[in-house]
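Have a look at query02.tsv below; it lists TSV, C-alpha atoms.
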chain	number	residue	atom	x	y	z
A	65	MET	CA	0.00	0.00	0.00
A	66	CYS	CA	2.95	2.33	-0.68
A	67	MET	CA	4.74	4.08	-3.52
A	68	ARG	CA	6.64	1.72	-5.82
A	69	SER	CA	10.41	2.29	-6.01
A	70	ILE	CA	11.77	3.22	-9.43
A	71	HIS	CA	14.72	0.85	-9.03
A	72	SER	CA	13.02	-2.25	-7.62
A	73	GLY	CA	9.78	-3.78	-6.40
A	74	ALA	CA	10.42	-2.37	-2.92
A	75	LEU	CA	8.46	0.53	-1.51
A	76	ALA	CA	9.99	3.98	-1.05
A	77	LEU	CA	8.76	6.38	1.60
A	78	THR	CA	11.35	9.08	1.00
A	79	ALA	CA	9.07	12.00	1.74
A	80	LEU	CA	8.56	10.61	5.23
A	81	LEU	CA	12.05	11.80	6.18
A	82	ALA	CA	11.53	15.40	5.12
A	83	ALA	CA	11.99	17.93	7.90
A	84	THR	CA	8.63	19.51	7.16
A	85	ALA	CA	5.46	18.27	5.53
A	86	PRO	CA	4.97	19.03	1.82
A	87	THR	CA	3.22	22.31	1.18
A	88	ALA	CA	0.53	20.50	-0.80
A	89	LEU	CA	-0.33	16.87	-1.19
A	90	VAL	CA	-2.58	15.99	-4.06
A	91	ALA	CA	-5.87	14.14	-3.60
A	92	GLN	CA	-6.25	10.38	-3.55
A	93	GLU	CA	-3.96	8.05	-5.45
A	94	ALA	CA	-4.46	4.28	-5.39
A	95	PRO	CA	-1.23	2.78	-3.98
A	96	GLN	CA	-0.15	-0.68	-4.99
A	97	ALA	CA	1.06	-3.33	-2.59
A	98	THR	CA	4.48	-4.99	-2.91
A	99	GLU	CA	6.31	-7.43	-0.71
A	100	GLN	CA	9.12	-5.36	0.83
A	101	VAL	CA	9.01	-1.92	2.37
A	102	THR	CA	12.09	0.30	2.41
A	103	ILE	CA	12.78	3.83	3.57
A	104	GLN	CA	15.72	5.43	1.79
A	105	GLY	CA	17.02	1.98	0.97
A	106	GLU	CA	16.66	0.68	4.54
A	107	PRO	CA	14.18	-2.20	4.95
A	108	LEU	CA	11.31	-1.42	7.29
A	109	PRO	CA	11.16	-4.05	10.06
A	110	PRO	CA	7.84	-5.40	11.33
A	111	LEU	CA	5.87	-2.59	12.94
A	112	ALA	CA	5.71	-4.47	16.24
A	113	GLN	CA	9.51	-4.11	16.53
A	114	LEU	CA	9.42	-0.31	16.17
A	115	PRO	CA	9.16	2.04	19.16
A	116	ALA	CA	5.72	3.45	19.79
A	117	GLY	CA	5.00	6.90	18.48
A	118	PRO	CA	2.36	9.44	19.51
A	119	GLU	CA	-1.36	8.96	18.95
A	120	ILE	CA	-2.43	11.42	16.25
A	121	GLU	CA	-6.05	12.55	16.16
A	122	GLY	CA	-7.47	14.84	13.53
A	123	MET	CA	-8.74	15.01	9.96
A	124	ILE	CA	-7.04	13.72	6.82
A	125	SER	CA	-6.21	16.98	5.07
A	126	ALA	CA	-4.20	15.59	2.16
A	127	ARG	CA	-2.97	12.33	0.69
A	128	GLN	CA	-0.39	11.23	-1.84
A	129	GLY	CA	0.45	7.63	-2.52
A	130	ASN	CA	1.35	5.92	0.75
A	131	GLN	CA	1.32	9.10	2.82
A	132	ILE	CA	-1.51	10.85	4.62
A	133	GLN	CA	-1.40	14.24	6.27
A	134	VAL	CA	-3.50	14.48	9.43
A	135	THR	CA	-4.32	17.96	10.71
A	136	GLY	CA	-5.25	18.26	14.39
A	137	ALA	CA	-7.77	20.57	16.02
A	138	ASP	CA	-5.00	23.12	16.63
A	139	GLY	CA	-4.15	23.19	12.90
A	140	THR	CA	-0.89	21.26	13.22
A	141	PRO	CA	-0.31	18.90	10.24
A	142	THR	CA	1.44	15.56	10.74
A	143	LEU	CA	2.76	13.44	7.88
A	144	ILE	CA	2.27	9.68	8.39
A	145	ALA	CA	3.23	6.74	6.17
A	146	VAL	CA	0.72	3.93	5.55
A	147	THR	CA	2.12	0.46	4.79
A	148	GLY	CA	0.78	-2.99	4.06
A	149	GLU	CA	0.96	-3.74	7.80
A	150	THR	CA	-1.19	-0.78	8.77
A	151	GLN	CA	-4.49	-1.92	10.26
A	152	ILE	CA	-7.37	0.25	9.08
A	153	ARG	CA	-10.53	-0.34	11.09
A	154	SER	CA	-13.95	1.23	11.19
A	155	ALA	CA	-16.53	1.01	13.95
A	156	GLY	CA	-20.24	1.31	13.41
A	157	GLY	CA	-23.57	0.11	14.63
A	158	PHE	CA	-25.18	0.57	18.01
A	159	LEU	CA	-22.72	2.15	20.47
A	160	GLY	CA	-19.93	1.50	17.97
A	161	LEU	CA	-20.17	-2.28	18.34
A	162	GLY	CA	-18.71	-4.40	15.56
A	163	ARG	CA	-15.42	-3.56	13.84
A	164	THR	CA	-14.63	-3.90	10.16
A	165	LYS	CA	-11.25	-4.07	8.46
A	166	ARG	CA	-10.79	-1.55	5.66
A	167	GLY	CA	-8.35	-1.04	2.80
A	168	SER	CA	-6.18	2.05	2.43
A	169	ASP	CA	-8.63	3.40	-0.17
A	170	ALA	CA	-10.92	4.21	2.77
A	171	LEU	CA	-8.53	6.97	3.88
A	172	LEU	CA	-10.32	9.84	2.15
A	173	ASN	CA	-9.61	13.54	2.45
A	174	GLY	CA	-11.80	15.15	5.11
A	175	LEU	CA	-12.13	11.93	7.13
A	176	PRO	CA	-11.70	12.20	10.94
A	177	VAL	CA	-9.23	9.56	12.15
A	178	THR	CA	-7.26	8.43	15.19
A	179	VAL	CA	-3.84	7.01	14.27
A	180	GLN	CA	-1.62	4.83	16.45
A	181	THR	CA	1.92	5.39	15.15
A	182	ARG	CA	5.38	3.83	15.26
A	183	GLN	CA	8.67	5.69	14.87
A	184	PHE	CA	11.17	4.92	12.14
A	185	GLY	CA	13.90	6.93	10.45
A	186	GLY	CA	12.86	10.20	12.01
A	187	GLY	CA	9.27	9.89	10.82
A	188	LEU	CA	6.01	8.20	11.72
A	189	VAL	CA	4.44	5.03	10.33
A	190	ALA	CA	0.78	4.18	10.96
A	191	ALA	CA	0.28	0.97	12.94
A	192	GLN	CA	-3.49	1.37	13.20
A	193	VAL	CA	-5.98	3.87	11.80
A	194	LYS	CA	-9.40	4.07	13.43
A	195	LEU	CA	-12.39	5.70	11.78
A	196	ALA	CA	-16.18	5.69	12.12
A	197	ASP	CA	-18.49	4.19	9.50
A	198	LYS	CA	-20.71	7.27	9.46
A	199	ASP	CA	-17.71	9.56	8.84
A	200	LEU	CA	-16.44	7.29	6.07
A	201	LYS	CA	-19.82	7.30	4.32
A	202	THR	CA	-20.09	11.06	4.52
A	203	ALA	CA	-16.55	11.59	3.23
A	204	ALA	CA	-17.08	9.11	0.39
A	205	MET	CA	-20.41	10.59	-0.68
A	206	ILE	CA	-19.20	14.17	-0.57
A	207	ARG	CA	-15.96	13.28	-2.39
A	208	SER	CA	-17.97	11.52	-5.10
A	209	GLY	CA	-20.44	14.37	-5.40
A	210	THR	CA	-17.96	17.24	-5.47
A	211	SER	CA	-15.76	15.55	-8.07
A	212	GLN	CA	-18.44	15.05	-10.68
A	213	GLY	CA	-17.80	18.45	-12.20
A	214	PHE	CA	-21.43	19.58	-12.46
A	215	ALA	CA	-21.63	18.53	-16.09
A	216	GLU	CA	-24.27	20.99	-17.32
A	217	GLN	CA	-22.50	24.01	-18.76
A	218	THR	CA	-24.95	26.72	-17.77
A	219	ALA	CA	-24.37	29.99	-16.00
A	220	ALA	CA	-26.03	28.63	-12.87
A	221	THR	CA	-23.79	25.56	-12.95
A	222	GLU	CA	-20.65	27.64	-13.31
A	223	ALA	CA	-21.66	29.87	-10.42
A	224	LEU	CA	-22.38	26.87	-8.23
A	225	ARG	CA	-19.08	25.21	-9.12
A	226	GLY	CA	-17.20	28.36	-8.21
A	227	ARG	CA	-18.84	28.59	-4.81
A	228	VAL	CA	-18.92	24.98	-3.61
A	229	GLY	CA	-17.04	22.82	-6.11
A	230	ASP	CA	-13.97	22.46	-3.87
A	231	ILE	CA	-15.70	22.43	-0.49
A	232	ASP	CA	-16.26	19.11	1.25
A	233	GLN	CA	-18.13	20.16	4.39
A	234	TYR	CA	-21.85	20.71	4.45
A	235	ASN	CA	-24.63	21.46	6.91
A	236	VAL	CA	-27.58	19.07	6.75
A	237	LYS	CA	-30.75	21.17	6.58
A	238	GLY	CA	-33.23	18.31	6.44
A	239	THR	CA	-33.68	14.63	5.57
A	240	THR	CA	-36.68	12.93	3.96
A	241	ASN	CA	-36.89	9.13	4.06
A	242	VAL	CA	-39.11	7.28	1.59
A	243	ASN	CA	-39.73	3.55	2.05
A	244	PHE	CA	-39.98	0.54	-0.26
A	245	ASP	CA	-41.49	-2.93	-0.29
A	246	THR	CA	-39.22	-5.94	0.16
A	247	GLY	CA	-37.00	-6.48	-2.87
A	248	LYS	CA	-38.65	-3.62	-4.77
A	249	ALA	CA	-37.51	-0.26	-6.11
A	250	VAL	CA	-41.00	1.07	-6.94
A	251	LEU	CA	-42.06	4.45	-5.56
A	252	SER	CA	-45.48	4.61	-3.92
A	253	ALA	CA	-47.80	7.55	-4.48
A	254	GLN	CA	-47.02	8.75	-0.96
A	255	ALA	CA	-43.28	8.53	-1.60
A	256	LYS	CA	-43.61	10.55	-4.81
A	257	ALA	CA	-45.47	13.29	-2.98
A	258	GLU	CA	-42.91	13.36	-0.16
A	259	LEU	CA	-40.05	13.64	-2.65
A	260	CYS	CA	-41.58	16.65	-4.36
A	261	ASN	CA	-42.19	18.23	-0.97
A	262	ALA	CA	-38.49	17.74	-0.15
A	263	ALA	CA	-37.50	19.28	-3.49
A	264	SER	CA	-39.77	22.25	-2.80
A	265	GLN	CA	-38.22	22.72	0.63
A	266	ALA	CA	-34.70	22.57	-0.80
A	267	GLY	CA	-35.69	24.88	-3.65
A	268	SER	CA	-36.43	27.63	-1.17
A	269	MET	CA	-32.75	27.57	-0.13
A	270	GLU	CA	-30.56	29.33	-2.67
A	271	ASN	CA	-27.43	27.23	-2.12
A	272	ALA	CA	-28.98	23.83	-1.36
A	273	LEU	CA	-27.88	20.56	-2.94
A	274	LEU	CA	-29.54	17.16	-2.63
A	275	LEU	CA	-27.68	14.00	-1.63
A	276	VAL	CA	-29.62	10.77	-2.26
A	277	VAL	CA	-28.62	7.55	-0.47
A	278	GLY	CA	-30.33	4.18	-0.89
A	279	TYR	CA	-30.57	1.41	1.73
A	280	THR	CA	-31.99	-2.09	2.20
A	281	ASP	CA	-32.84	-4.25	5.18
A	282	ALA	CA	-30.56	-7.13	6.19
A	283	THR	CA	-32.45	-9.79	4.21
A	284	GLY	CA	-30.63	-11.40	1.29
A	285	PRO	CA	-27.02	-11.51	0.05
A	286	GLU	CA	-24.84	-8.41	0.23
A	287	GLU	CA	-24.23	-8.10	-3.51
A	288	LEU	CA	-27.95	-8.10	-4.31
A	289	ASN	CA	-28.64	-5.63	-1.53
A	290	GLN	CA	-25.97	-3.30	-2.87
A	291	GLU	CA	-27.50	-3.44	-6.34
A	292	LEU	CA	-31.00	-2.91	-4.95
A	293	SER	CA	-29.94	0.08	-2.84
A	294	GLU	CA	-28.35	1.72	-5.87
A	295	LYS	CA	-31.45	1.04	-7.96
A	296	ARG	CA	-33.67	2.63	-5.31
A	297	ALA	CA	-31.44	5.70	-5.15
A	298	SER	CA	-31.47	6.01	-8.94
A	299	ARG	CA	-35.27	5.74	-9.03
A	300	VAL	CA	-35.56	8.57	-6.49
A	301	VAL	CA	-33.14	10.77	-8.43
A	302	ASN	CA	-35.10	10.24	-11.63
A	303	HIS	CA	-38.36	11.24	-9.93
A	304	LEU	CA	-36.81	14.31	-8.30
A	305	GLN	CA	-35.47	15.53	-11.64
A	306	GLN	CA	-38.28	14.49	-13.98
A	307	ALA	CA	-41.40	14.96	-11.85
A	308	CYS	CA	-40.30	17.44	-9.19
A	309	GLY	CA	-38.20	19.69	-11.42
A	310	TRP	CA	-34.97	19.43	-9.43
A	311	LYS	CA	-31.98	20.58	-11.52
A	312	PRO	CA	-29.27	17.94	-12.10
A	313	TYR	CA	-26.45	20.38	-11.33
A	314	ARG	CA	-27.85	20.78	-7.79
A	315	MET	CA	-27.63	17.02	-7.15
A	316	LEU	CA	-24.63	15.26	-5.64
A	317	THR	CA	-23.84	11.82	-7.04
A	318	PRO	CA	-26.34	9.30	-5.58
A	319	THR	CA	-25.07	6.20	-3.84
A	320	GLY	CA	-26.30	2.88	-2.45
A	321	MET	CA	-25.24	1.69	1.00
A	322	ALA	CA	-27.05	-1.69	1.08
A	323	GLU	CA	-27.89	-2.66	4.68
A	324	ALA	CA	-25.42	-0.24	6.29
A	325	ASP	CA	-26.51	2.38	8.83
A	326	PRO	CA	-29.91	0.87	9.76
A	327	LEU	CA	-32.52	3.14	11.32
A	328	ALA	CA	-34.13	0.28	13.26
A	329	ASP	CA	-33.63	-3.31	14.39
A	330	ASN	CA	-33.37	-5.71	11.44
A	331	MET	CA	-34.60	-8.54	13.68
A	332	THR	CA	-38.19	-7.29	13.47
A	333	GLU	CA	-40.49	-6.80	10.49
A	334	GLU	CA	-41.24	-3.25	11.63
A	335	GLY	CA	-37.52	-2.46	11.80
A	336	LYS	CA	-36.87	-3.94	8.38
A	337	ALA	CA	-39.65	-1.81	6.90
A	338	GLN	CA	-37.97	1.33	8.22
A	339	ASN	CA	-34.58	0.27	6.86
A	340	ARG	CA	-35.86	-0.28	3.30
A	341	ARG	CA	-35.51	3.36	2.42
A	342	VAL	CA	-33.90	6.12	0.42
A	343	ALA	CA	-32.72	9.18	2.34
A	344	VAL	CA	-32.89	12.54	0.57
A	345	ASN	CA	-30.58	14.93	2.40
A	346	ILE	CA	-30.69	18.69	1.91
A	347	LEU	CA	-27.13	20.02	2.15
A	348	VAL	CA	-25.74	23.54	2.18
A	349	SER	CA	-22.01	24.18	2.09
A	350	LYS	CA	-20.75	25.62	5.35
A	351	ALA	CA	-18.89	28.23	3.32
A	352	VAL	CA	-22.09	29.69	1.89
A	353	ASP	CA	-24.66	28.77	4.55
A	354	GLY	CA	-26.52	31.86	5.58
A	355	LEU	CA	-25.47	33.92	2.57

Could you show the structure in this file as structure tokens?
Amino acid sequence: MCMRSIHSGALALTALLAATAPTALVAQEAPQATEQVTIQGEPLPPLAQLPAGPEIEGMISARQGNQIQVTGADGTPTLIAVTGETQIRSAGGFLGLGRTKRGSDALLNGLPVTVQTRQFGGGLVAAQVKLADKDLKTAAMIRSGTSQGFAEQTAATEALRGRVGDIDQYNVKGTTNVNFDTGKAVLSAQAKAELCNAASQAGSMENALLLVVGYTDATGPEELNQELSEKRASRVVNHLQQACGWKPYRMLTPTGMAEADPLADNMTEEGKAQNRRVAVNILVSKAVDGL
């Protein structure tokens, strides 16, 4: 999960040894795993053999290859290397119960993290990165939405891009949940009315965007649930745009989250009914909220 050396299949973490962090790290790159890790030609021993470093808590403010920059609440940036040994874990569910292993592609810009570090060669290497499922979902959805480029080339689109295109933090002004029958992606008459009401509410806010997220209950295999959640989200987007008149350039990229983030207990029929939903979130960038 690190940068590939030019001279061999080993990994090079040369920037880790810099006296100061780079002035700018570019957004996500997909690192490739190799067998051996080196830092300036010196093999990196197993992380367990390295002295413990400080615990770093903050937000991922930049990333390049195998390196992440974590900025704390006081504004101090810390450069940390991520290797194939780094454990990346997310916690979700009721009271944070249940932990899930993640790949390094989960380390998105804007994501709050807590990093247990080890010291090596004058720098820090991540032994474990902890994050919350809800923060990961938000970071992923916003990253996906803000990178789509707002394809319609209209004056309104250009103005919107200039004001919020590079901003990844939003205030949630309201959420409308519409529900579905088991295994279905068909909107009821009530759901259609609720969606247009949500669009009308958002339309009264000059800078509002809509973020649509589809979900399922816990019945059935994960792959089918993922496909169904995406289909439900797509169906809601189509109705919002075609029947409710919501402009595509004011819509963040929809996503499906399968059975993740349930509203209610999946062990009961009533709970499952609540979880078979699409959430329509009204978002306003914090940079323009109140303008």

#### Entry: Counting all atoms listed in the file, the option among A:Pro118, A:Ala272, A:Lys248, A:Val193 closest to Asn235 in chain A
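Of A:Pro118, A:Ala272, A:Lys248, A:Val193, the one nearest Asn235 in chain A is A:Ala272, counting all atoms listed in the file.
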
### Of the listed residues A:Thr147, A:Ala307, A:Leu195, A:Gly187, that which approaches Ala170 in chain A most closely, counting all atoms listed in the file
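With all atoms listed in the file as the atom set, the closest residue is A:Leu195.
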
### Message
Using Å and a single decimal, report how far CA of Leu171 in chain A sits from CA of Gly238 in chain A.
### Response
27.3 Å

### Task
Pick out the closest residue to Met269 in chain A from this set: A:Ala282, A:Pro115, A:Leu347, A:Gly174. Count all atoms listed in the file.
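Under the stated criterion, the closest residue is A:Leu347.
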
#### Entry: Computed interatomic separation between CA of Gly335 in chain A and CA of Val236 in chain A (Å)
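Going from CA of Gly335 in chain A over to CA of Val236 in chain A covers 24.2 Å.
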
### Query
Expressed in Å to a single decimal, how great is the separation between CA of Gly122 in chain A and CA of Lys350 in chain A?
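Separation between CA of Gly122 in chain A and CA of Lys350 in chain A: 19.0 Å.
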